[in-house]
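Structure, as structure tokens:
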There are 2 protein chains.
Amino acid sequence: MDPVTIKDIARALNLSTSTVSRALRDSYEISPETKRLVMEYAERLNYRPNPIALSLKGSSSKALAVIVPQIANNFFSQAINGIEAIAYNRGYHVIIFQTHESYEREMANVQQAVARRVDGLLLSLSSETSDVTHLHALHAQGVPLVLFDRVAPDLPVTQVVADNFGGAYAATSHLLQTGRRRIAHLTIPPYLSITQERLAGYRAALEQYGVAFDENLVRYGTFGPDEADELVEQLLAQEPRPDAFFTASDRLALGCLTALRKRGIRIPEDISLIGFTNLPAAEMLNPPLSTVTQPAQEIGQLAAERLIELIERKQKASPPATVKLPTTLVIRESSAPPVRAEADFRIGL
Amino acid sequence: MDPVTIKDIARALNLSTSTVSRALRDSYEISPETKRLVMEYAERLNYRPNPIALSLKGSSSKALAVIVPQIANNFFSQAINGIEAIAYNRGYHVIIFQTHESYEREMANVQQAVARRVDGLLLSLSSETSDVTHLHALHAQGVPLVLFDRVAPDLPVTQVVADNFGGAYAATSHLLQTGRRRIAHLTIPPYLSITQERLAGYRAALEQYGVAFDENLVRYGTFGPDEADELVEQLLAQEPRPDAFFTASDRLALGCLTALRKRGIRIPEDISLIGFTNLPAAEMLNPPLSTVTQPAQEIGQLAAERLIELIERKQKASPPATVKLPTTLVIRESSAPPVRAEADFRIGL
DNA sequence: TTTTTTTGTGCAATCGTTGCCGGGAACGAT
DNA sequence: ATCGTTCCCGGCAACGATTGCACAAAAAAA
């Protein structure tokens, strides 16, 4: 019951393995008669070439590595979904690695992926990663590589991202337009490209509205459990107290919601809240959560498409570029203007 | 810059590949001096044995296949998280396949996994799968296999599941205890073991409370988008109208919530709602959603542990068994008794 | 009939690694 | 001096598939 090999076919048909191999690949130098024989027999035995042997031989392994910080994260699982969809109908398989936000594991995973002779890598950086020489090395070796979401702008490789700046800018502008002035930003570790872009969008909007940037209003989380509560505590202690929270992840947005509710703070009356999230439940939360949504699946798809193009067309593929997909601000109740907003505006607050 | 092979080392040190191989594996038949030389040189060149070659050679590939219907699903991504955690610190890698609820793709994925010489498979059945002969074949071939969550009780392999019956029984009992009598059950495709177990738990509770089972109150979804709305529509048309919904998945619970709210139906006053879900946002929904939670990560961990035991101890491993992990009913506002419940009870409703 | 061309097939190397066999050197025992 | 051990190490084959080259037989051309 062991898998059928080319040798089995050769033996059974009294041919050499080379003939069988060539017959199966429909080579012109094999007689039609022999081809038919081989093909039929192979079909009957349900022969499948051994991908391991093929990889060893040096051709392609038809496998892509996807390295992400966490699978159990809405954004990444959606992105992987997109990747897998493209990979599948181009005949590739997907091997998934998690870094758990560790630089060590990121490097180990890259090593492993290369050792397993994947045809290419799709990578989203860990939050600990500030040094990308391991990726430079990879790229120098000619290993096809595409970064997505959490990228490294300096690397001369294709990168697929959401418009983090634009999303953050839109969210912050919206908060400002609805009368908020003390806008806190709860965000994720500072090395990440997405953190910096979102922070930049936040600052740009503040500047645009002539509101001074206060770094005490920016707090960095670390993906730890229940960390939002403490960050919220710190922010609420600020004087004057923030009147809006803009968070950079779904986990933080939920954490904020919990922390604020726990303290009896009303949303949006006392504090306005906007997340940066793909939570399908955002609309059903109490209150419905305003968020900046990202096209996670499209990001995955696009990244996979670019990678496969890179693999298959090698030199002729489009040159490295950063592709930016639009984000969307979805306004819901959690960022509604406070009831007194109108009056406040009138007295020039 | 190509990966270093055992041959490179052999050439450089003027030894044979076999000697190098043995030196690296610390074989007793190599002189300490030679070993030292080889080891040091290998270390310096950062030599890593080629896993592909090892797989081909027939030993183990140190890779596990995980086949699930969907990655972008809270339960599965958490389970995979658990699997990956165990696999990682036992030195295994995880290759993930999605069936997208298709029987065809499930079979293709199993084929691929075997072709890639994984050391074992972790599988959760697609909702289309009613025939498991492909798994019988696999098991007959001696391929280590563990099923989890959506299992096939007839297969003589280890299976790791949540206590679906118990969870459904608890949820339904709770609804009955809070005065509900027309309890609808929105569930997932009928072939699935989990569907049947949850349905059985639901029926058992009804019977326990002397409430007749009405099959018009049971609706099967198909994982389609927005299907909940139509199912809710159908159920609301029933006469008398249901006073509670018990759903078998997080997607359905959210869909129900949306559909009911859209129609102006109050939860829990008009209709009580309990989901079967691991949504982290359940507590923050409006109203907070009562659910039966499953230990997704533990299920993954346990399944991975069993599989690795199977792989490494082969014959000496514990015999196939079904491991059942407890589910927990978390009661929140969505299943609170209606305000008039007390009065109703008094008049014997 | 002989030479050339065409056609179909087999041999052997290759990928990286390990298992098996065998061989030379050194040593002690007879 | 011869034999048997022990210790180290090298060569070959094999895993499954592909591929360049060679070679045979048959067909075509001379």
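In the structure tokens, chains take the letters A, B, ... in the order shown, each chain's residues start at 1, and ligands count up from 1 in the order shown.
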
Determine which residues of range 25-194 of chain B receive a DSSP assignment of strand (DSSP E or B), computed from the backbone, and state them as a PyMOL selection string. chain B and resi 63-68+93-98+120-123+145-148+158-162+183-187

Now that the selection is made, can you save its residues with C-alpha atoms as a PDB file, in the first residue's frame?
ATOM      1  CA  ALA B  63       6.553  17.866   9.928  1.00  0.00           C
ATOM      2  CA  LEU B  64       2.911  17.506  10.890  1.00  0.00           C
ATOM      3  CA  ALA B  65      -0.011  18.245   8.627  1.00  0.00           C
ATOM      4  CA  VAL B  66      -2.996  20.071  10.036  1.00  0.00           C
ATOM      5  CA  ILE B  67      -6.087  19.917   7.900  1.00  0.00           C
ATOM      6  CA  VAL B  68      -8.949  22.183   8.895  1.00  0.00           C
ATOM      7  CA  HIS B  93       6.859  21.857  11.972  1.00  0.00           C
ATOM      8  CA  VAL B  94       3.301  22.386  10.990  1.00  0.00           C
ATOM      9  CA  ILE B  95       1.973  22.431   7.466  1.00  0.00           C
ATOM     10  CA  ILE B  96      -1.520  23.790   7.274  1.00  0.00           C
ATOM     11  CA  PHE B  97      -4.156  22.872   4.749  1.00  0.00           C
ATOM     12  CA  GLN B  98      -7.661  24.230   4.378  1.00  0.00           C
ATOM     13  CA  GLY B 120       1.448  12.528  11.018  1.00  0.00           C
ATOM     14  CA  LEU B 121      -1.883  14.220  10.398  1.00  0.00           C
ATOM     15  CA  LEU B 122      -4.226  16.259  12.536  1.00  0.00           C
ATOM     16  CA  LEU B 123      -7.603  16.513  10.915  1.00  0.00           C
ATOM     17  CA  LEU B 145      -3.614  10.235  12.484  1.00  0.00           C
ATOM     18  CA  VAL B 146      -5.520  12.120  15.129  1.00  0.00           C
ATOM     19  CA  LEU B 147      -8.904  13.721  14.615  1.00  0.00           C
ATOM     20  CA  PHE B 148     -10.088  16.709  16.566  1.00  0.00           C
ATOM     21  CA  THR B 158      -7.471   8.864  18.650  1.00  0.00           C
ATOM     22  CA  GLN B 159      -9.976  11.700  18.643  1.00  0.00           C
ATOM     23  CA  VAL B 160      -9.995  14.849  20.723  1.00  0.00           C
ATOM     24  CA  VAL B 161     -13.244  16.697  21.154  1.00  0.00           C
ATOM     25  CA  ALA B 162     -15.086  19.117  23.354  1.00  0.00           C
ATOM     26  CA  ILE B 183     -36.314  27.023  21.815  1.00  0.00           C
ATOM     27  CA  ALA B 184     -35.036  27.149  18.271  1.00  0.00           C
ATOM     28  CA  HIS B 185     -31.708  25.606  17.339  1.00  0.00           C
ATOM     29  CA  LEU B 186     -29.698  27.166  14.529  1.00  0.00           C
ATOM     30  CA  THR B 187     -26.952  24.810  13.676  1.00  0.00           C
TER      31      THR B 187
END

Expected answer as JSON, numbers by chain: chain C residues within 9 Å of chain B, only C-alpha atoms (C1' of nucleotides): {"C": [15, 16, 17, 18]}

For the selection you just gave me, I'd like the residues written to a file as a compact mmCIF listing (two decimals), in the first residue's frame, keeping N, CA and C atoms (P, O5', C5', C4', C3', O3' and C1' of nucleotides).
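result-v4.txt written:
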# COMPACT_ATOMS: atom_id res chain seq x y z
P DC C 15 25.10 17.37 -7.40
O5' DC C 15 23.85 17.63 -6.44
C5' DC C 15 22.71 18.34 -6.89
C4' DC C 15 21.54 18.00 -5.99
C3' DC C 15 21.96 17.68 -4.56
O3' DC C 15 21.89 18.85 -3.78
C1' DC C 15 20.29 16.15 -5.40
P DG C 16 23.08 19.15 -2.76
O5' DG C 16 22.68 18.22 -1.53
C5' DG C 16 21.60 18.61 -0.70
C4' DG C 16 21.45 17.61 0.41
C3' DG C 16 22.67 17.43 1.31
O3' DG C 16 22.23 17.45 2.65
C1' DG C 16 22.02 15.33 0.42
P DT C 17 23.22 17.26 3.85
O5' DT C 17 22.97 15.74 4.21
C5' DT C 17 21.65 15.35 4.58
C4' DT C 17 21.55 13.85 4.67
C3' DT C 17 22.56 13.18 5.60
O3' DT C 17 21.88 12.87 6.82
C1' DT C 17 22.15 11.92 3.59
P DT C 18 22.69 12.17 8.01
O5' DT C 18 22.48 10.63 7.66
C5' DT C 18 21.18 10.09 7.61
C4' DT C 18 21.23 8.64 7.17
C3' DT C 18 22.05 7.73 8.10
O3' DT C 18 21.26 6.58 8.37
C1' DT C 18 22.74 7.45 5.87

Within 9 Å of DT6 in chain C, counting only C-alpha atoms (C1' of nucleotides), which residues qualify if same-chain residues fewer than 3 places away don't, as a PyMOL selection string? chain D and resi 26-28

Within 12 Å of Glu227 in chain B, counting only C-alpha atoms (C1' of nucleotides), which residues show up once you throw out same-chain ones fewer than 4 positions away? Write them as a PyMOL selection string, please. chain B and resi 186-188+219-223+231-234+251-256+258-259

Next, write the just-selected residues to a file, as a compact mmCIF listing (two decimals), in the first residue's frame, keeping C-alpha atoms as the atom set.
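Done, and the output landed in again_36.txt:
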# COMPACT_ATOMS: atom_id res chain seq x y z
CA LEU B 186 -29.70 27.17 14.53
CA THR B 187 -26.95 24.81 13.68
CA ILE B 188 -24.33 23.78 11.17
CA ARG B 219 -32.36 24.84 11.02
CA TYR B 220 -29.13 23.88 9.38
CA GLY B 221 -26.80 26.50 7.98
CA THR B 222 -24.03 25.92 5.49
CA PHE B 223 -21.34 28.43 6.47
CA LEU B 231 -32.88 31.16 8.88
CA VAL B 232 -34.04 33.63 11.49
CA GLU B 233 -36.79 34.77 9.14
CA GLN B 234 -38.01 31.21 8.74
CA ARG B 251 -20.90 33.14 13.06
CA LEU B 252 -24.51 32.09 13.50
CA ALA B 253 -24.76 33.76 16.90
CA LEU B 254 -23.56 37.04 15.46
CA GLY B 255 -25.81 36.63 12.46
CA CYS B 256 -28.77 36.01 14.74
CA THR B 258 -27.87 41.17 13.71
CA ALA B 259 -31.02 39.68 12.24

Residue list (alpha helix (DSSP H), DSSP) for range 294-336 of chain B, as a list in words: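 Matching residues for alpha helix (DSSP H) in range 294-336 of chain B are Ala296, Gln297, Glu298, Ile299, Gly300, Gln301, Leu302, Ala303, Ala304, Glu305, Arg306, Leu307, Ile308, Glu309, Leu310, Ile311, Glu312 and Arg313 of chain B.
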
Those same residues, written as a PDB file, in the first residue's frame with C-alpha atoms?
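Saved file out_9.pdb follows:
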ATOM      1  CA  ALA B 296      -9.917  25.312  21.631  1.00  0.00           C
ATOM      2  CA  GLN B 297      -6.277  25.694  22.430  1.00  0.00           C
ATOM      3  CA  GLU B 298      -6.244  22.719  24.780  1.00  0.00           C
ATOM      4  CA  ILE B 299      -7.951  20.604  22.162  1.00  0.00           C
ATOM      5  CA  GLY B 300      -5.173  21.476  19.759  1.00  0.00           C
ATOM      6  CA  GLN B 301      -2.489  20.827  22.313  1.00  0.00           C
ATOM      7  CA  LEU B 302      -3.874  17.524  23.377  1.00  0.00           C
ATOM      8  CA  ALA B 303      -4.363  16.391  19.803  1.00  0.00           C
ATOM      9  CA  ALA B 304      -0.790  17.332  18.951  1.00  0.00           C
ATOM     10  CA  GLU B 305       0.560  15.566  22.018  1.00  0.00           C
ATOM     11  CA  ARG B 306      -1.307  12.402  21.176  1.00  0.00           C
ATOM     12  CA  LEU B 307      -0.151  12.516  17.601  1.00  0.00           C
ATOM     13  CA  ILE B 308       3.491  12.976  18.504  1.00  0.00           C
ATOM     14  CA  GLU B 309       3.248  10.177  21.011  1.00  0.00           C
ATOM     15  CA  LEU B 310       1.823   8.031  18.258  1.00  0.00           C
ATOM     16  CA  ILE B 311       4.633   8.954  15.914  1.00  0.00           C
ATOM     17  CA  GLU B 312       7.453   8.482  18.339  1.00  0.00           C
ATOM     18  CA  ARG B 313       6.316   5.474  20.291  1.00  0.00           C
TER      19      ARG B 313
END

Please identify all polymer residues within 12 Å of DT30 in chain C, counting only C-alpha atoms (C1' of nucleotides), omitting same-chain residues fewer than 5 positions from it, and present them as a PyMOL selection string. chain D and resi 1-4

Please provide as a PyMOL selection string all residues within 12 Å of Arg181 in chain A, with the sequence filter that same-chain residues fewer than 4 positions apart are discarded (counting only C-alpha atoms (C1' of nucleotides)). chain A and resi 172-177+205-207+209-214+217+240-245+271-272+337+341+344-345+349

Same residues, N, CA and C atoms, output as a CSV table (one decimal), in the first residue's frame:
chain,number,residue,atom,x,y,z
A,172,THR,N,-8.4,60.0,13.3
A,172,THR,CA,-8.1,61.1,14.1
A,172,THR,C,-8.9,62.4,13.7
A,173,SER,N,-8.9,62.6,12.4
A,173,SER,CA,-9.6,63.8,11.9
A,173,SER,C,-11.1,63.7,12.3
A,174,HIS,N,-11.6,62.5,12.2
A,174,HIS,CA,-13.0,62.3,12.6
A,174,HIS,C,-13.2,62.7,14.0
A,175,LEU,N,-12.3,62.2,14.9
A,175,LEU,CA,-12.4,62.6,16.3
A,175,LEU,C,-12.4,64.1,16.5
A,176,LEU,N,-11.5,64.7,15.8
A,176,LEU,CA,-11.3,66.1,15.9
A,176,LEU,C,-12.5,66.9,15.4
A,177,GLN,N,-13.1,66.4,14.3
A,177,GLN,CA,-14.3,67.0,13.7
A,177,GLN,C,-15.5,66.9,14.7
A,205,ALA,N,-2.9,64.5,11.5
A,205,ALA,CA,-4.3,65.0,11.7
A,205,ALA,C,-4.3,66.1,12.8
A,206,LEU,N,-3.6,65.8,13.9
A,206,LEU,CA,-3.5,66.8,15.0
A,206,LEU,C,-3.0,68.1,14.5
A,207,GLU,N,-1.9,68.0,13.8
A,207,GLU,CA,-1.3,69.2,13.3
A,207,GLU,C,-2.2,70.0,12.4
A,209,TYR,N,-5.2,70.2,12.5
A,209,TYR,CA,-6.2,70.9,13.3
A,209,TYR,C,-5.7,71.8,14.3
A,210,GLY,N,-4.4,71.9,14.3
A,210,GLY,CA,-3.7,72.8,15.2
A,210,GLY,C,-3.7,72.4,16.7
A,211,VAL,N,-3.8,71.1,16.9
A,211,VAL,CA,-3.8,70.5,18.2
A,211,VAL,C,-2.4,70.0,18.5
A,212,ALA,N,-1.8,70.5,19.6
A,212,ALA,CA,-0.4,70.1,19.9
A,212,ALA,C,-0.3,68.6,20.2
A,213,PHE,N,0.7,68.0,19.7
A,213,PHE,CA,1.0,66.6,20.0
A,213,PHE,C,1.5,66.4,21.4
A,214,ASP,N,0.9,65.5,22.2
A,214,ASP,CA,1.3,65.3,23.6
A,214,ASP,C,1.8,63.9,23.7
A,217,LEU,N,0.1,61.2,25.7
A,217,LEU,CA,-1.1,60.6,25.3
A,217,LEU,C,-0.9,59.3,24.4
A,240,PRO,N,-5.4,67.5,31.4
A,240,PRO,CA,-6.8,67.1,31.5
A,240,PRO,C,-7.0,65.7,30.9
A,241,ARG,N,-8.0,65.1,31.4
A,241,ARG,CA,-8.3,63.7,31.0
A,241,ARG,C,-8.6,63.7,29.5
A,242,PRO,N,-8.1,62.6,28.8
A,242,PRO,CA,-8.4,62.4,27.4
A,242,PRO,C,-10.0,62.4,27.1
A,243,ASP,N,-10.4,62.8,26.0
A,243,ASP,CA,-11.8,62.7,25.6
A,243,ASP,C,-12.0,61.8,24.5
A,244,ALA,N,-10.9,61.1,24.0
A,244,ALA,CA,-11.1,60.2,22.9
A,244,ALA,C,-9.9,59.2,23.0
A,245,PHE,N,-10.2,57.9,22.6
A,245,PHE,CA,-9.1,56.9,22.5
A,245,PHE,C,-9.1,56.4,21.0
A,271,ILE,N,-16.0,59.5,26.6
A,271,ILE,CA,-14.8,59.3,25.8
A,271,ILE,C,-15.2,58.6,24.5
A,272,SER,N,-14.7,59.1,23.4
A,272,SER,CA,-15.0,58.6,22.1
A,272,SER,C,-13.9,57.5,21.8
A,337,PRO,N,-20.5,62.3,18.3
A,337,PRO,CA,-20.2,63.5,19.0
A,337,PRO,C,-20.9,63.5,20.4
A,341,ALA,N,-21.8,68.6,22.3
A,341,ALA,CA,-20.9,69.1,21.3
A,341,ALA,C,-21.3,70.4,20.7
A,344,ASP,N,-20.8,73.2,23.0
A,344,ASP,CA,-19.3,73.4,23.1
A,344,ASP,C,-18.7,74.2,22.0
A,345,PHE,N,-19.2,73.8,20.8
A,345,PHE,CA,-18.6,74.5,19.6
A,345,PHE,C,-19.0,76.0,19.6
A,349,LEU,N,-15.1,76.0,22.3
A,349,LEU,CA,-14.2,75.0,22.9
A,349,LEU,C,-13.4,74.3,21.9

Between A:Thr327, A:Gln112, A:Ser130, A:Ser102, which residue has the minimum interatomic distance to chain B, considering only C-alpha atoms?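 Of A:Thr327, A:Gln112, A:Ser130, A:Ser102, the one nearest chain B, counting only C-alpha atoms, is A:Gln112.
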
Interface, chain D side, toward chain A (12 Å; only C-alpha atoms (C1' of nucleotides)) as number ranges by chain: D: 15-20

Using C-alpha atoms (C1' of nucleotides), can you write the selected residues to a file as a short mmCIF file (atom, residue, chain, number, x, y, z; two decimals), in the first residue's frame?
data_model
loop_
_atom_site.label_atom_id
_atom_site.label_comp_id
_atom_site.auth_asym_id
_atom_site.auth_seq_id
_atom_site.Cartn_x
_atom_site.Cartn_y
_atom_site.Cartn_z
"C1'" DC D 15 15.78 7.02 -1.35
"C1'" DG D 16 12.52 8.99 -6.17
"C1'" DA D 17 12.77 11.56 -9.93
"C1'" DT D 18 15.00 14.08 -13.94
"C1'" DT D 19 18.18 14.54 -17.74
"C1'" DG D 20 22.34 14.56 -20.86
#

Could you check which of A:Lys262, A:Arg203, A:Arg117, A:His136 is closest to chain B, using only C-alpha atoms?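 Ranked by minimum distance to chain B, first place goes to A:Arg117.
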
B:Ala23, B:Leu279, B:Ile9, B:Leu37: which is nearest chain A, counting only C-alpha atoms?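 Closest candidate: B:Leu279.
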
Got a sec: who's within 10 Å of DA30 in chain D, counting only C-alpha atoms (C1' of nucleotides), leaving out chain neighbours fewer than 2 positions off, as a list in words?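 Counting only C-alpha atoms (C1' of nucleotides), the residues come to DT2, DT3 and DT4 of chain C; DA28 of chain D.
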
With N, CA and C atoms (P, O5', C5', C4', C3', O3' and C1' of nucleotides) retained, export the selected residues as a compact mmCIF listing (two decimals), in the first residue's frame.
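Generated output (out28.txt):
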# COMPACT_ATOMS: atom_id res chain seq x y z
P DT C 2 27.81 -4.37 -47.75
O5' DT C 2 27.98 -2.81 -47.48
C5' DT C 2 28.69 -2.00 -48.42
C4' DT C 2 28.38 -0.55 -48.16
C3' DT C 2 28.67 -0.06 -46.73
O3' DT C 2 29.50 1.09 -46.79
C1' DT C 2 26.51 0.60 -47.40
P DT C 3 30.13 1.71 -45.42
O5' DT C 3 29.28 3.04 -45.25
C5' DT C 3 29.21 3.98 -46.33
C4' DT C 3 28.11 4.97 -46.05
C3' DT C 3 28.21 5.68 -44.70
O3' DT C 3 28.20 7.10 -44.91
C1' DT C 3 26.01 4.86 -45.06
P DT C 4 28.54 8.09 -43.72
O5' DT C 4 27.10 8.70 -43.41
C5' DT C 4 26.34 9.29 -44.47
C4' DT C 4 24.90 9.41 -44.05
C3' DT C 4 24.66 10.18 -42.76
O3' DT C 4 23.89 11.35 -43.02
C1' DT C 4 23.36 8.20 -42.83
P DA D 28 10.93 5.35 -43.98
O5' DA D 28 12.15 6.20 -44.58
C5' DA D 28 12.62 7.32 -43.85
C4' DA D 28 13.97 7.73 -44.40
C3' DA D 28 13.99 7.96 -45.92
O3' DA D 28 14.45 9.28 -46.17
C1' DA D 28 15.79 6.54 -45.25

Closest to chain B among A:Val114, A:Ala152, A:Ala10, A:Val38, using only C-alpha atoms?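 Answer, going by the shortest atom-to-atom distance: A:Val114.
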
From CA of Arg150 in chain A to CA of Ile71 in chain B the spacing works out at 20.1 Å
